[in-house]
Every structure is written in C-alpha cells, then in structure tokens.
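This report refers to the structure that appears directly beneath it.
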Amino acid sequence: MIQVSDVSHRFGEREVLKDINLSVRERRVGVIGANGSGKSTFARLLNGLLIPDSGAVTVDGLDTREDAKAVRRRVGFVFQNPDNQIVFPVVEEDIAFGLKNLKLPKREIARKVDTVLAEYGLTHLRDRAAHLLSGGEKQLLAISAVLVMEPRYVVLDEPMTLLDLRNKKLILDTIRTIGQPVVLVTHDLDHLRDFERVIVFDGGRVVADGPPRDAIRHYTRAMA
Amino acid sequence: MLSLYVPGDSFVHRAPAAAKLAILVICGAALFVVSGIPVHAAELALLAGLFHAARLPWRDTFRQLRTALIFLVPIFLFHVFVTDWTLGLETVLRILVLLLLAVLVTLTTRTTDMIDVLEAAVRPLRHVGVNPSKTGMMLSMVIRFIPMMMREAQEVLEAQRARGLDRNAIALLMPLLIKTLKMADDLSEAIEARGYDPEPVVPVWRRKG
Ligand SMILES: Nc1ncnc2c1ncn2[C@@H]1O[C@H](COP(=O)(O)OP(=O)(O)O)[C@@H](O)[C@H]1O
Ligand SMILES: [Mg+2]
C-alpha cells in the first residue's frame, strides 16, 4: 500500500500540492487534471524522487524520507518523454542498466533481459540503437526497462502524451497487461474508463476521488 | 555514426573486448615501427580475412571509413609532390590498416563491453579520485545523446529557417541550451529512478586511517 499523509509541497512561493491525504490499494488508479494541477509532482512523491516539504509518503510502511532507495526499488517510474529516460545507446544495454544497479550477477541479468524483450515484442530490436526507434518503441523500451526490475508498483506519468494515436494504443494495451498495481497519470479520460479509481487534481488539491464515472463527470464539468 | 555494433557470432565477435582493445593499442603502436609496403599489404590482406570471417557488411565498413578516406587522398598527393610516391603509399597503407583495425573492433564489440574494459582500465585512477563507474556511465551517455543533440540542433535550425532567420550562433545555442538543461534534468531523475548508485570514490589524500 502507498500512503500519502498530510502532504503539502511548494516550489518557491508557489504551493503546488495542498493537504493531500490518500492511500493507494487498488490495482488500477488513474490521476487526471489540467496542466500544472500538480499531477507530476504527486507522482514523483510516490517513489521518493521528490520528498514533500511537509507530511509523509510511505510505501509498504517504508518512509520516502528515510528509505528513498528502498522505495525506488519498489516503485517503478515511467516518464513522459521516452527520449529523456533511455540512458544507454543500445536497447538491451538500457534494459540491463537497472538490473546492474541491483547488483545482480551477469547471467541472471542476461536471462531477465531476454525474458522481458520477448514479453514486450522487442527481441528483434535488442541490438538496435535506441535513438533510431520509433516513439512507441522507445516508450515500450522505457516501460520494459522499468518492469524488468520487478517493482511492486508502477507509476507512469503521461507515458502516452507525446505519442501518435497508434502508439498511444500500443502503450495503453501494454499498460493493461502489467501485473502490478498501476498509478497512471494522464490527461485523457478515455484511458481510465476501466480503472477502479480516478483521482482528479485541480490547483494542487484533490477535487474528486472515486470510481471513474463520478471522477470523469467532475473533471468534464471542471474543464467545461 | 554511433552505436556501431553489428551483431554476429564470428570468433572476432566472441573474442573478449579487452583482448581486442589491447590488440588495437599494441598494433597501433607497432604499426609505426614496422615498415615496408609488402608488410603493410600483408596486414591489409589479413584484415580483409578478418572482416570476411566477421561477416561485416561492406556498406557499414565503408560508411565508417568514408570521412577518413577523403583525408588519405591529400596525404598521398602531398608525398607524391614533396617526397616520393612510395613513401606516400606506405603512409596511406599504414593509416588504412590502423583505421580498418579500429573499425573491425568497433563493429564487432558491444559498446557496453568496451565501456566495461574502459572502466577496468581507469580503475587504478580511483586512488586519485576518478570514479570508474561514473566514467563509464558518462561515456555511455555521450554515445547515447550525441545523435539526439544533433537532431535537436537540426530541428532548431529548421524552425529558425522557417521563420526566416539566418544562421546565427546565439539563436541556435540558446534554445539548444534550454533543451539540454531540461533533458539533463529529466535524465538525472530517470537514472535515479532506476536505482543508479555508484560506489563513492575517495582519493588517497582524503582517506583516513
Ligand atoms: N521543479 C520545479 N520547480 C518549480 N516549479 C515547478 C517544478 N515542477 C513543477 N513546478 C510547478 O508546479 C506546478 C505543478 O506542476 P506539475 O506537477 O508538473 O503539474 P502537471 O503534471 O499536473 O502538469 C506547475 O505550476 C509547475 O510550473
Ligand atoms: Mg506533468
């Protein structure tokens, strides 16, 4: 379980999150809101990339202030721009990166890389230069590189925003197959129809939180 | 031009990266000691054999060499006019052998393997504060991001041309700098999110006890 308690955060003068209190136990949680409403800031709290000014975030009881490293191992994070999260020049090298950080033996790394490449249909691209992949393939690589580390939770921050329609669908279908609990930040309502829960942010506050229908109704009204 | 590895299963591919790099360095140095056109011609033949064994496509090989080949012409001509053509031929052959050897190694060795060797090679320098794992990481990222930066630069140039701007260093560098800073920021988070955690390196003069 991810627990967010009394969290507020500011960047300089600007209060970006205000009094957030919630816990994530569901398998599929959507986060939605206008640009600048605090979605990314919220998402980055969940794996300790950002430590809140006040309040606490815990993942399975681990506090991000004290155990940021352990929290990051538990919570995988996929960013919006695939170009800026692929670190290594070649596809399979990038997938191996996180496993190397876990200090796994070479053999095991190779085995896990093979498995994940096959699972996400990337085997034929394993030796390719990452910068030559299509946008969808890049994001698929980014997701694989996170899932290969076997996190307990997966947070994705607008992973489809920069993609064309076809690749959006590819990534959305891929996200559906993720076995772990997922927190998906998006600004497209359509992505969240089959989610258990949708949290709506507005001006750094949670303004709706519940099954998609209610949340979506609220969001549509707010955006009108 | 980067990320050059051409996958394969030949003995050249399978040879350990450290051995290949060591041979490259040693032969590179030795090349300037041995002389004689027949010797270099023989080396060239040997290399052709190795390229054949590694089943490297000629197109990739040529693409690697193209720029360098252009320089060989003036070098040869220089010798023809200033010294004599045999010396020119020998010089050109020597450079060609070295280039081909370097291309052979880069085309048959994964970047990661080369970087691992480099990391091992700089390990002794950790006593003076050089962090091997960070050095390797830096090199990987340079290889990863150069093509991207080049594309970004291209995009900025095109956008400016579309707006009728002439070539202008500041107009190119500013947006590029902003994009780079944003990228660096994203990237450092992405690296952190994937658990990058290099061992700290302490130079001898800061060590206690
Ligand atoms: N590192 C930062 N420094 C200063 N301001 C920031 C930073 N990150 C985000 N902000 C500001 O916080 C607000 C919320 O940003 P963000 O969480 O990225 O929103 P969203 O993801 O919903 O678009 C925005 O006004 C943004 O400009
Ligand atoms: Mg955002």
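Labels used: A, B, ... for chains in the order of the structure tokens, numbers from 1 for residues in each chain, and numbers from 1 for ligands as shown.
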Could you list, with a cut-off of 7 Å and counting only C-alpha atoms and all ligand atoms, the residues of chain A near ligand 1, each shown with its nearest atom pair and the distance in Å rounded to one decimal, rows sorted by chain and ascending number, as a tab-separated table?
```
residue	atom	partner	partner_atom_place_in_ligand_line	distance
A:Phe11	CA	ligand 1	4 (C)	4.7
A:Gly12	CA	ligand 1	4 (C)	6.9
A:Val16	CA	ligand 1	12 (O)	5.0
A:Gly33	CA	ligand 1	22 (O)	6.1
A:Ala34	CA	ligand 1	22 (O)	6.0
A:Asn35	CA	ligand 1	23 (O)	3.7
A:Gly36	CA	ligand 1	19 (O)	3.5
A:Ser37	CA	ligand 1	22 (O)	4.0
A:Gly38	CA	ligand 1	17 (O)	3.2
A:Lys39	CA	ligand 1	22 (O)	3.7
A:Ser40	CA	ligand 1	21 (O)	3.6
A:Thr41	CA	ligand 1	17 (O)	3.7
A:Phe42	CA	ligand 1	17 (O)	6.4
```
Using backbone DSSP assignments, extract all alpha helix (DSSP H) residues from segment 16-183 of chain A; output them as a PyMOL selection string. chain A and resi 39-46+68-74+91-101+106-119+135-147+165-176
Output the contact residues of chain A with respect to chain B at a cut-off of 6 Å, based on only C-alpha atoms, as a PyMOL selection string. chain A and resi 84-85+88-89+98+101+129
Take the residues that were just selected and, keeping N, CA, C and O atoms, output them as a CSV table (one decimal), in the first residue's frame.
```csv
chain,number,residue,atom,x,y,z
A,84,ASN,N,14.2,11.1,-22.9
A,84,ASN,CA,15.0,11.5,-21.8
A,84,ASN,C,15.1,10.5,-20.7
A,84,ASN,O,15.5,10.8,-19.6
A,85,GLN,N,14.6,9.3,-20.9
A,85,GLN,CA,14.8,8.3,-19.8
A,85,GLN,C,15.5,7.0,-20.3
A,85,GLN,O,15.8,6.1,-19.5
A,88,PHE,N,21.1,4.3,-22.1
A,88,PHE,CA,22.2,3.6,-22.8
A,88,PHE,C,21.9,3.6,-24.3
A,88,PHE,O,20.8,3.6,-24.8
A,89,PRO,N,23.0,3.6,-25.1
A,89,PRO,CA,22.8,3.7,-26.6
A,89,PRO,C,22.1,2.5,-27.2
A,89,PRO,O,21.5,2.7,-28.3
A,98,GLY,N,19.1,-1.1,-15.1
A,98,GLY,CA,18.5,-1.1,-13.8
A,98,GLY,C,18.9,-2.4,-13.0
A,98,GLY,O,19.1,-2.4,-11.8
A,101,ASN,N,22.2,-2.0,-11.6
A,101,ASN,CA,22.2,-1.3,-10.3
A,101,ASN,C,21.7,-2.1,-9.1
A,101,ASN,O,22.0,-1.8,-8.0
A,129,ALA,N,20.2,0.7,-32.1
A,129,ALA,CA,20.5,2.0,-31.4
A,129,ALA,C,19.1,2.6,-30.9
A,129,ALA,O,18.2,2.7,-31.7
```
If you measure from atom CA of Gly136 of chain B to atom CA of Asp116 of chain B, what distance in Å do you get, rounded to one decimal? 7.1 Å
Spatial neighbours of Ile95 of chain A, 7 Å, only C-alpha atoms, chain gap at least 2 places, as a PyMOL selection string: chain A and resi 91-93+97-98+113+144-145
Print the selection's residues with C-alpha atoms to a file, as a short mmCIF file (atom, residue, chain, number, x, y, z; two decimals), in the first residue's frame.
```cif
data_model
loop_
_atom_site.label_atom_id
_atom_site.label_comp_id
_atom_site.auth_asym_id
_atom_site.auth_seq_id
_atom_site.Cartn_x
_atom_site.Cartn_y
_atom_site.Cartn_z
CA VAL A 91 18.21 -1.35 -26.47
CA GLU A 92 19.39 -4.35 -24.46
CA GLU A 93 22.02 -2.30 -22.65
CA PHE A 97 21.01 -0.86 -16.63
CA GLY A 98 18.53 -1.14 -13.76
CA VAL A 113 16.72 -9.14 -20.29
CA SER A 144 10.29 -2.74 -20.21
CA ALA A 145 13.37 -1.28 -18.60
#
```
With only C-alpha atoms as the counted atoms, please give the residues lying no more than 12 Å from Val183 of chain A, apart from itself and same-chain residues fewer than 3 positions off, as a CSV table (one decimal) with all heavy atoms, in the first residue's frame.
```
chain,number,residue,atom,x,y,z
A,1,MET,N,0.8,-1.2,0.0
A,1,MET,CA,0.0,0.0,0.0
A,1,MET,C,0.9,1.3,0.0
A,1,MET,O,1.9,1.3,0.7
A,1,MET,CB,-0.9,0.0,1.3
A,1,MET,CG,-1.9,1.1,1.2
A,1,MET,SD,-2.9,1.2,2.7
A,1,MET,CE,-1.7,1.6,4.0
A,2,ILE,N,0.4,2.2,-0.8
A,2,ILE,CA,1.1,3.5,-0.8
A,2,ILE,C,0.2,4.5,0.0
A,2,ILE,O,-1.0,4.6,-0.3
A,2,ILE,CB,1.4,4.1,-2.2
A,2,ILE,CG1,2.2,3.1,-3.0
A,2,ILE,CG2,2.1,5.4,-2.1
A,2,ILE,CD1,2.5,3.5,-4.4
A,23,SER,N,-4.7,6.9,0.3
A,23,SER,CA,-3.9,5.7,0.2
A,23,SER,C,-4.3,4.9,-1.1
A,23,SER,O,-5.4,5.0,-1.5
A,23,SER,CB,-4.0,4.9,1.4
A,23,SER,OG,-5.3,4.5,1.6
A,24,VAL,N,-3.3,4.3,-1.6
A,24,VAL,CA,-3.5,3.6,-2.9
A,24,VAL,C,-3.4,2.1,-2.6
A,24,VAL,O,-2.4,1.6,-2.2
A,24,VAL,CB,-2.4,3.9,-3.9
A,24,VAL,CG1,-2.6,3.1,-5.2
A,24,VAL,CG2,-2.5,5.4,-4.3
A,25,ARG,N,-4.5,1.4,-2.7
A,25,ARG,CA,-4.6,-0.1,-2.6
A,25,ARG,C,-5.1,-0.8,-3.8
A,25,ARG,O,-5.0,-2.0,-3.9
A,25,ARG,CB,-5.5,-0.5,-1.4
A,25,ARG,CG,-5.4,0.2,-0.1
A,25,ARG,CD,-6.7,0.1,0.7
A,25,ARG,NE,-6.7,1.0,1.8
A,25,ARG,CZ,-6.2,0.7,3.0
A,25,ARG,NH1,-5.8,-0.5,3.2
A,25,ARG,NH2,-6.2,1.6,4.0
A,26,GLU,N,-5.7,0.0,-4.7
A,26,GLU,CA,-6.3,-0.6,-5.9
A,26,GLU,C,-5.3,-1.1,-6.9
A,26,GLU,O,-4.1,-0.6,-6.8
A,26,GLU,CB,-7.3,0.4,-6.5
A,26,GLU,CG,-8.5,0.8,-5.7
A,26,GLU,CD,-8.1,1.9,-4.6
A,26,GLU,OE1,-7.0,2.3,-4.6
A,26,GLU,OE2,-9.1,2.2,-3.9
A,27,ARG,N,-5.7,-1.9,-7.8
A,27,ARG,CA,-4.8,-2.4,-8.9
A,27,ARG,C,-4.7,-1.3,-10.0
A,27,ARG,O,-3.6,-1.3,-10.6
A,27,ARG,CB,-5.3,-3.7,-9.5
A,27,ARG,CG,-5.0,-4.9,-8.7
A,27,ARG,CD,-5.2,-6.2,-9.5
A,27,ARG,NE,-4.2,-6.3,-10.5
A,27,ARG,CZ,-4.4,-6.1,-11.8
A,27,ARG,NH1,-5.6,-5.9,-12.3
A,27,ARG,NH2,-3.4,-6.3,-12.7
A,28,ARG,N,-5.7,-0.5,-10.2
A,28,ARG,CA,-5.6,0.5,-11.3
A,28,ARG,C,-6.1,1.8,-10.8
A,28,ARG,O,-7.3,2.0,-10.5
A,28,ARG,CB,-6.5,0.0,-12.4
A,28,ARG,CG,-5.9,-1.2,-13.2
A,28,ARG,CD,-4.6,-0.8,-13.9
A,28,ARG,NE,-4.0,-1.9,-14.7
A,28,ARG,CZ,-3.0,-2.7,-14.3
A,28,ARG,NH1,-2.6,-2.7,-13.0
A,28,ARG,NH2,-2.5,-3.6,-15.1
A,29,VAL,N,-5.2,2.8,-10.6
A,29,VAL,CA,-5.6,4.1,-10.2
A,29,VAL,C,-5.2,5.1,-11.2
A,29,VAL,O,-4.0,5.1,-11.7
A,29,VAL,CB,-4.9,4.4,-8.8
A,29,VAL,CG1,-5.2,5.9,-8.4
A,29,VAL,CG2,-5.3,3.4,-7.8
A,30,GLY,N,-6.1,5.9,-11.6
A,30,GLY,CA,-5.8,7.0,-12.6
A,30,GLY,C,-5.7,8.3,-11.9
A,30,GLY,O,-6.3,8.6,-10.9
A,31,VAL,N,-4.8,9.2,-12.4
A,31,VAL,CA,-4.7,10.5,-11.9
A,31,VAL,C,-4.9,11.5,-13.1
A,31,VAL,O,-4.2,11.3,-14.1
A,31,VAL,CB,-3.3,10.7,-11.3
A,31,VAL,CG1,-3.1,12.2,-10.9
A,31,VAL,CG2,-3.1,9.8,-10.1
A,32,ILE,N,-5.8,12.4,-12.9
A,32,ILE,CA,-6.1,13.3,-14.0
A,32,ILE,C,-6.2,14.7,-13.5
A,32,ILE,O,-6.4,14.9,-12.3
A,32,ILE,CB,-7.4,12.8,-14.7
A,32,ILE,CG1,-7.5,13.3,-16.1
A,32,ILE,CG2,-8.7,13.1,-13.9
A,32,ILE,CD1,-8.5,12.5,-16.9
A,39,LYS,N,-0.1,17.0,-11.0
A,39,LYS,CA,-0.1,15.5,-11.2
A,39,LYS,C,1.3,15.0,-11.1
A,39,LYS,O,1.6,14.0,-10.4
A,39,LYS,CB,-0.7,15.2,-12.5
A,39,LYS,CG,-2.1,15.7,-12.8
A,39,LYS,CD,-2.6,15.2,-14.1
A,39,LYS,CE,-1.9,15.8,-15.3
A,39,LYS,NZ,-2.0,17.2,-15.5
A,40,SER,N,2.2,15.6,-11.8
A,40,SER,CA,3.6,15.1,-11.9
A,40,SER,C,4.3,15.2,-10.5
A,40,SER,O,5.0,14.3,-10.1
A,40,SER,CB,4.4,15.8,-12.9
A,40,SER,OG,3.9,15.6,-14.2
A,42,PHE,N,2.8,15.1,-7.7
A,42,PHE,CA,2.2,14.0,-6.9
A,42,PHE,C,2.8,12.7,-7.2
A,42,PHE,O,3.3,11.9,-6.4
A,42,PHE,CB,0.7,13.9,-7.1
A,42,PHE,CG,0.0,12.8,-6.5
A,42,PHE,CD1,-0.2,12.7,-5.2
A,42,PHE,CD2,-0.4,11.7,-7.3
A,42,PHE,CE1,-0.8,11.6,-4.6
A,42,PHE,CE2,-1.0,10.6,-6.8
A,42,PHE,CZ,-1.3,10.5,-5.4
A,43,ALA,N,3.0,12.4,-8.5
A,43,ALA,CA,3.5,11.1,-9.0
A,43,ALA,C,4.9,10.9,-8.4
A,43,ALA,O,5.3,9.8,-8.0
A,43,ALA,CB,3.5,11.0,-10.5
A,44,ARG,N,5.7,12.0,-8.5
A,44,ARG,CA,7.1,11.9,-8.1
A,44,ARG,C,7.3,11.7,-6.6
A,44,ARG,O,8.3,11.2,-6.1
A,44,ARG,CB,7.9,13.1,-8.6
A,44,ARG,CG,8.1,13.0,-10.1
A,44,ARG,CD,8.4,14.3,-10.8
A,44,ARG,NE,9.6,14.9,-10.4
A,44,ARG,CZ,9.7,16.2,-9.9
A,44,ARG,NH1,8.6,16.9,-9.8
A,44,ARG,NH2,10.9,16.6,-9.5
A,46,LEU,N,5.5,9.6,-5.0
A,46,LEU,CA,5.2,8.2,-4.7
A,46,LEU,C,6.4,7.3,-4.7
A,46,LEU,O,6.4,6.2,-4.2
A,46,LEU,CB,4.2,7.6,-5.7
A,46,LEU,CG,2.8,8.4,-5.8
A,46,LEU,CD1,1.9,7.8,-6.7
A,46,LEU,CD2,2.2,8.5,-4.4
A,47,ASN,N,7.5,7.7,-5.4
A,47,ASN,CA,8.7,6.8,-5.4
A,47,ASN,C,9.9,7.5,-4.8
A,47,ASN,O,11.0,7.1,-5.0
A,47,ASN,CB,9.0,6.2,-6.7
A,47,ASN,CG,9.7,7.1,-7.6
A,47,ASN,OD1,9.5,8.3,-7.5
A,47,ASN,ND2,10.4,6.6,-8.6
A,75,VAL,N,8.9,1.0,-6.3
A,75,VAL,CA,8.0,1.7,-7.2
A,75,VAL,C,8.7,2.1,-8.5
A,75,VAL,O,9.6,2.9,-8.5
A,75,VAL,CB,7.5,3.0,-6.4
A,75,VAL,CG1,6.5,3.7,-7.3
A,75,VAL,CG2,7.0,2.7,-5.1
A,76,GLY,N,8.4,1.4,-9.5
A,76,GLY,CA,8.9,1.7,-10.8
A,76,GLY,C,8.3,3.0,-11.4
A,76,GLY,O,7.1,3.3,-11.1
A,77,PHE,N,9.1,3.7,-12.2
A,77,PHE,CA,8.5,5.0,-12.6
A,77,PHE,C,8.8,5.2,-14.1
A,77,PHE,O,9.9,5.1,-14.6
A,77,PHE,CB,9.2,6.2,-11.9
A,77,PHE,CG,8.5,7.5,-11.9
A,77,PHE,CD1,7.7,7.9,-10.8
A,77,PHE,CD2,8.5,8.3,-13.0
A,77,PHE,CE1,7.0,9.1,-10.9
A,77,PHE,CE2,7.8,9.5,-13.1
A,77,PHE,CZ,7.0,9.9,-12.0
A,78,VAL,N,7.7,5.5,-14.9
A,78,VAL,CA,7.9,5.7,-16.3
A,78,VAL,C,7.6,7.2,-16.6
A,78,VAL,O,6.5,7.7,-16.2
A,78,VAL,CB,7.0,4.8,-17.1
A,78,VAL,CG1,7.1,5.1,-18.6
A,78,VAL,CG2,7.3,3.3,-16.9
A,152,ARG,N,7.2,-3.5,-7.1
A,152,ARG,CA,5.9,-3.9,-6.6
A,152,ARG,C,4.8,-3.0,-7.1
A,152,ARG,O,3.6,-3.5,-7.2
A,152,ARG,CB,5.9,-3.7,-5.1
A,152,ARG,CG,7.0,-4.5,-4.4
A,152,ARG,CD,6.4,-5.8,-3.9
A,152,ARG,NE,7.5,-6.6,-3.2
A,152,ARG,CZ,7.7,-6.5,-1.9
A,152,ARG,NH1,6.9,-5.9,-1.2
A,152,ARG,NH2,8.7,-7.2,-1.4
A,153,TYR,N,5.1,-1.8,-7.5
A,153,TYR,CA,4.1,-0.8,-8.0
A,153,TYR,C,4.7,-0.2,-9.2
A,153,TYR,O,5.9,0.0,-9.3
A,153,TYR,CB,3.8,0.3,-7.0
A,153,TYR,CG,3.3,-0.2,-5.7
A,153,TYR,CD1,4.3,-0.5,-4.7
A,153,TYR,CD2,2.0,-0.4,-5.4
A,153,TYR,CE1,3.9,-1.0,-3.5
A,153,TYR,CE2,1.6,-0.9,-4.2
A,153,TYR,CZ,2.5,-1.2,-3.2
A,153,TYR,OH,2.1,-1.7,-2.0
A,154,VAL,N,3.8,0.3,-10.1
A,154,VAL,CA,4.4,1.0,-11.3
A,154,VAL,C,3.6,2.3,-11.4
A,154,VAL,O,2.4,2.3,-11.5
A,154,VAL,CB,4.2,0.2,-12.6
A,154,VAL,CG1,4.8,0.9,-13.8
A,154,VAL,CG2,4.8,-1.2,-12.4
A,155,VAL,N,4.4,3.4,-11.5
A,155,VAL,CA,3.8,4.7,-11.7
A,155,VAL,C,4.2,5.2,-13.0
A,155,VAL,O,5.3,5.2,-13.4
A,155,VAL,CB,4.3,5.7,-10.6
A,155,VAL,CG1,3.7,7.1,-10.8
A,155,VAL,CG2,3.9,5.3,-9.2
A,156,LEU,N,3.2,5.7,-13.8
A,156,LEU,CA,3.5,6.2,-15.2
A,156,LEU,C,3.0,7.6,-15.3
A,156,LEU,O,1.8,7.8,-15.1
A,156,LEU,CB,2.9,5.3,-16.2
A,156,LEU,CG,3.2,3.8,-16.2
A,156,LEU,CD1,2.0,3.0,-15.6
A,156,LEU,CD2,3.5,3.2,-17.6
A,157,ASP,N,3.9,8.5,-15.6
A,157,ASP,CA,3.5,9.9,-15.7
A,157,ASP,C,3.3,10.3,-17.2
A,157,ASP,O,4.3,10.6,-17.9
A,157,ASP,CB,4.6,10.8,-15.1
A,157,ASP,CG,4.1,12.3,-15.0
A,157,ASP,OD1,3.0,12.6,-15.4
A,157,ASP,OD2,4.9,13.1,-14.6
A,158,GLU,N,2.1,10.3,-17.6
A,158,GLU,CA,1.7,10.7,-19.0
A,158,GLU,C,2.6,10.0,-20.1
A,158,GLU,O,3.1,10.6,-20.9
A,158,GLU,CB,1.8,12.2,-19.2
A,158,GLU,CG,0.9,13.0,-18.3
A,158,GLU,CD,0.6,14.4,-18.8
A,158,GLU,OE1,0.5,14.5,-20.1
A,158,GLU,OE2,0.4,15.3,-18.0
A,159,PRO,N,2.6,8.7,-20.0
A,159,PRO,CA,3.5,8.0,-20.9
A,159,PRO,C,3.0,8.0,-22.4
A,159,PRO,O,3.8,7.6,-23.3
A,159,PRO,CB,3.5,6.5,-20.4
A,159,PRO,CG,2.1,6.4,-19.7
A,159,PRO,CD,1.9,7.7,-19.1
A,175,ILE,N,0.1,-1.3,-20.9
A,175,ILE,CA,-0.2,-1.0,-19.5
A,175,ILE,C,-1.2,-1.9,-19.0
A,175,ILE,O,-1.1,-2.4,-17.8
A,175,ILE,CB,-0.6,0.5,-19.4
A,175,ILE,CG1,0.6,1.4,-19.7
A,175,ILE,CG2,-1.0,0.8,-17.9
A,175,ILE,CD1,0.3,2.9,-19.8
A,176,ARG,N,-2.2,-2.3,-19.8
A,176,ARG,CA,-3.3,-3.2,-19.3
A,176,ARG,C,-2.7,-4.5,-18.9
A,176,ARG,O,-3.2,-5.2,-18.0
A,176,ARG,CB,-4.3,-3.5,-20.4
A,176,ARG,CG,-5.2,-2.3,-20.7
A,176,ARG,CD,-6.6,-2.7,-21.1
A,176,ARG,NE,-7.4,-1.6,-21.3
A,176,ARG,CZ,-7.5,-0.8,-22.4
A,176,ARG,NH1,-6.8,-1.2,-23.5
A,176,ARG,NH2,-8.2,0.3,-22.4
A,178,ILE,N,0.2,-5.1,-17.4
A,178,ILE,CA,1.1,-5.0,-16.2
A,178,ILE,C,0.4,-5.7,-15.0
A,178,ILE,O,-0.7,-5.4,-14.7
A,178,ILE,CB,1.4,-3.6,-15.9
A,178,ILE,CG1,2.2,-2.9,-17.1
A,178,ILE,CG2,2.3,-3.5,-14.6
A,178,ILE,CD1,2.6,-1.5,-16.8
A,180,GLN,N,1.4,-5.7,-11.8
A,180,GLN,CA,1.5,-4.9,-10.6
A,180,GLN,C,0.4,-3.9,-10.5
A,180,GLN,O,-0.1,-3.5,-11.6
A,180,GLN,CB,2.8,-4.2,-10.5
A,180,GLN,CG,4.0,-5.1,-10.3
A,180,GLN,CD,4.7,-5.5,-11.6
A,180,GLN,OE1,4.0,-5.6,-12.6
A,180,GLN,NE2,6.0,-5.6,-11.6
A,186,THR,N,-2.6,10.8,-16.5
A,186,THR,CA,-2.9,11.1,-17.9
A,186,THR,C,-3.8,12.4,-18.0
A,186,THR,O,-4.2,12.8,-16.9
A,186,THR,CB,-3.6,9.9,-18.5
A,186,THR,OG1,-4.1,10.2,-19.8
A,186,THR,CG2,-4.9,9.5,-17.7
A,191,HIS,N,-8.5,6.9,-21.3
A,191,HIS,CA,-7.6,5.9,-20.8
A,191,HIS,C,-8.0,5.3,-19.5
A,191,HIS,O,-7.5,4.2,-19.1
A,191,HIS,CB,-6.2,6.5,-20.6
A,191,HIS,CG,-5.6,7.1,-21.8
A,191,HIS,ND1,-4.6,8.1,-21.8
A,191,HIS,CD2,-5.8,6.9,-23.1
A,191,HIS,CE1,-4.3,8.4,-23.1
A,191,HIS,NE2,-5.0,7.7,-23.9
A,192,LEU,N,-9.0,5.9,-18.9
A,192,LEU,CA,-9.2,5.5,-17.5
A,192,LEU,C,-10.6,4.8,-17.3
A,192,LEU,O,-11.0,4.5,-16.2
A,192,LEU,CB,-9.2,6.7,-16.6
A,192,LEU,CG,-7.8,7.5,-16.6
A,192,LEU,CD1,-7.9,8.7,-15.7
A,192,LEU,CD2,-6.7,6.5,-16.2
A,195,PHE,N,-10.6,1.7,-15.2
A,195,PHE,CA,-9.9,1.8,-13.9
A,195,PHE,C,-10.8,1.7,-12.7
A,195,PHE,O,-12.0,1.9,-12.8
A,195,PHE,CB,-9.1,3.1,-13.9
A,195,PHE,CG,-7.7,3.0,-14.5
A,195,PHE,CD1,-7.6,2.4,-15.8
A,195,PHE,CD2,-6.6,3.5,-13.9
A,195,PHE,CE1,-6.4,2.3,-16.4
A,195,PHE,CE2,-5.3,3.4,-14.5
A,195,PHE,CZ,-5.2,2.8,-15.8
A,196,GLU,N,-10.2,1.2,-11.6
A,196,GLU,CA,-11.0,1.1,-10.4
A,196,GLU,C,-11.3,2.4,-9.8
A,196,GLU,O,-12.3,2.6,-9.1
A,196,GLU,CB,-10.3,0.2,-9.4
A,196,GLU,CG,-10.3,-1.3,-9.7
A,196,GLU,CD,-9.2,-2.0,-9.0
A,196,GLU,OE1,-9.1,-2.0,-7.8
A,196,GLU,OE2,-8.3,-2.4,-9.8
A,197,ARG,N,-10.3,3.3,-9.9
A,197,ARG,CA,-10.4,4.6,-9.2
A,197,ARG,C,-9.7,5.7,-9.9
A,197,ARG,O,-8.7,5.4,-10.6
A,197,ARG,CB,-9.7,4.4,-7.8
A,197,ARG,CG,-9.5,5.6,-7.0
A,197,ARG,CD,-8.8,5.2,-5.7
A,197,ARG,NE,-8.5,6.3,-4.9
A,197,ARG,CZ,-7.7,6.3,-3.8
A,197,ARG,NH1,-7.1,5.2,-3.5
A,197,ARG,NH2,-7.5,7.4,-3.1
A,198,VAL,N,-10.3,6.9,-9.9
A,198,VAL,CA,-9.7,8.0,-10.6
A,198,VAL,C,-9.6,9.2,-9.6
A,198,VAL,O,-10.6,9.5,-8.9
A,198,VAL,CB,-10.5,8.4,-11.8
A,198,VAL,CG1,-9.9,9.7,-12.5
A,198,VAL,CG2,-10.5,7.3,-12.9
A,199,ILE,N,-8.4,9.8,-9.5
A,199,ILE,CA,-8.2,10.9,-8.6
A,199,ILE,C,-8.1,12.1,-9.5
A,199,ILE,O,-7.3,12.2,-10.4
A,199,ILE,CB,-6.9,10.7,-7.8
A,199,ILE,CG1,-7.0,9.4,-7.0
A,199,ILE,CG2,-6.7,11.9,-6.9
A,199,ILE,CD1,-5.7,9.0,-6.3
```
Given the choices A:Asp214, A:Val185, A:Asp53, A:Gly136, which gets closest to ligand 2 if the distance is worked out from only C-alpha atoms and all ligand atoms? A:Val185
Shell of 9 Å around Met160 of chain A, only C-alpha atoms, local chain residues under 3 positions omitted, as a PDB file with C-alpha atoms, in the first residue's frame:
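Below is the file that was written, out.pdb:
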```pdb
ATOM      1  CA  GLN A  80       6.567  11.235 -20.237  1.00  0.00           C
ATOM      2  CA  ASN A  81       9.437  11.666 -22.647  1.00  0.00           C
ATOM      3  CA  GLY A 136       6.155   3.944 -29.450  1.00  0.00           C
ATOM      4  CA  GLN A 139       8.291   4.162 -24.712  1.00  0.00           C
ATOM      5  CA  ASP A 157       3.485   9.919 -15.743  1.00  0.00           C
ATOM      6  CA  LEU A 163       2.880   9.589 -28.967  1.00  0.00           C
ATOM      7  CA  ASP A 164       0.682   9.357 -32.038  1.00  0.00           C
ATOM      8  CA  LEU A 165      -2.673   7.580 -31.877  1.00  0.00           C
ATOM      9  CA  ASN A 167       1.414   4.185 -30.418  1.00  0.00           C
ATOM     10  CA  LYS A 168      -0.891   5.523 -27.699  1.00  0.00           C
ATOM     11  CA  LYS A 169      -2.972   2.414 -28.180  1.00  0.00           C
ATOM     12  CA  ILE A 171       1.269   1.636 -24.863  1.00  0.00           C
ATOM     13  CA  LEU A 172      -2.206   1.601 -23.352  1.00  0.00           C
ATOM     14  CA  THR A 186      -2.895  11.104 -17.922  1.00  0.00           C
TER      15      THR A 186
END
```
d(atom CA of Ala70 of chain A, atom CA of Arg111 of chain A) in Å: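 Going from atom CA of Ala70 of chain A over to atom CA of Arg111 of chain A covers 23.5 Å.
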Per DSSP on the backbone, filter segment 21-106 of chain A down to the residues in strand (DSSP E) and report them as a ChimeraX atom specification. /A:21-24,28-33,54-59,62-63,75-78
Tell me, as a PyMOL selection string, which residues lie within 6 Å of Arg74 of chain A, counting only C-alpha atoms; anything in the same chain fewer than 2 positions away does not count. chain A and resi 71-72+151-152
Give me the residues near Arg126 of chain B as a ChimeraX atom specification, where near means some atom within 12 Å (using only C-alpha atoms) and where sequence neighbours in that chain fewer than 2 positions away do not count. /B:119-124,128-135,199-205,207
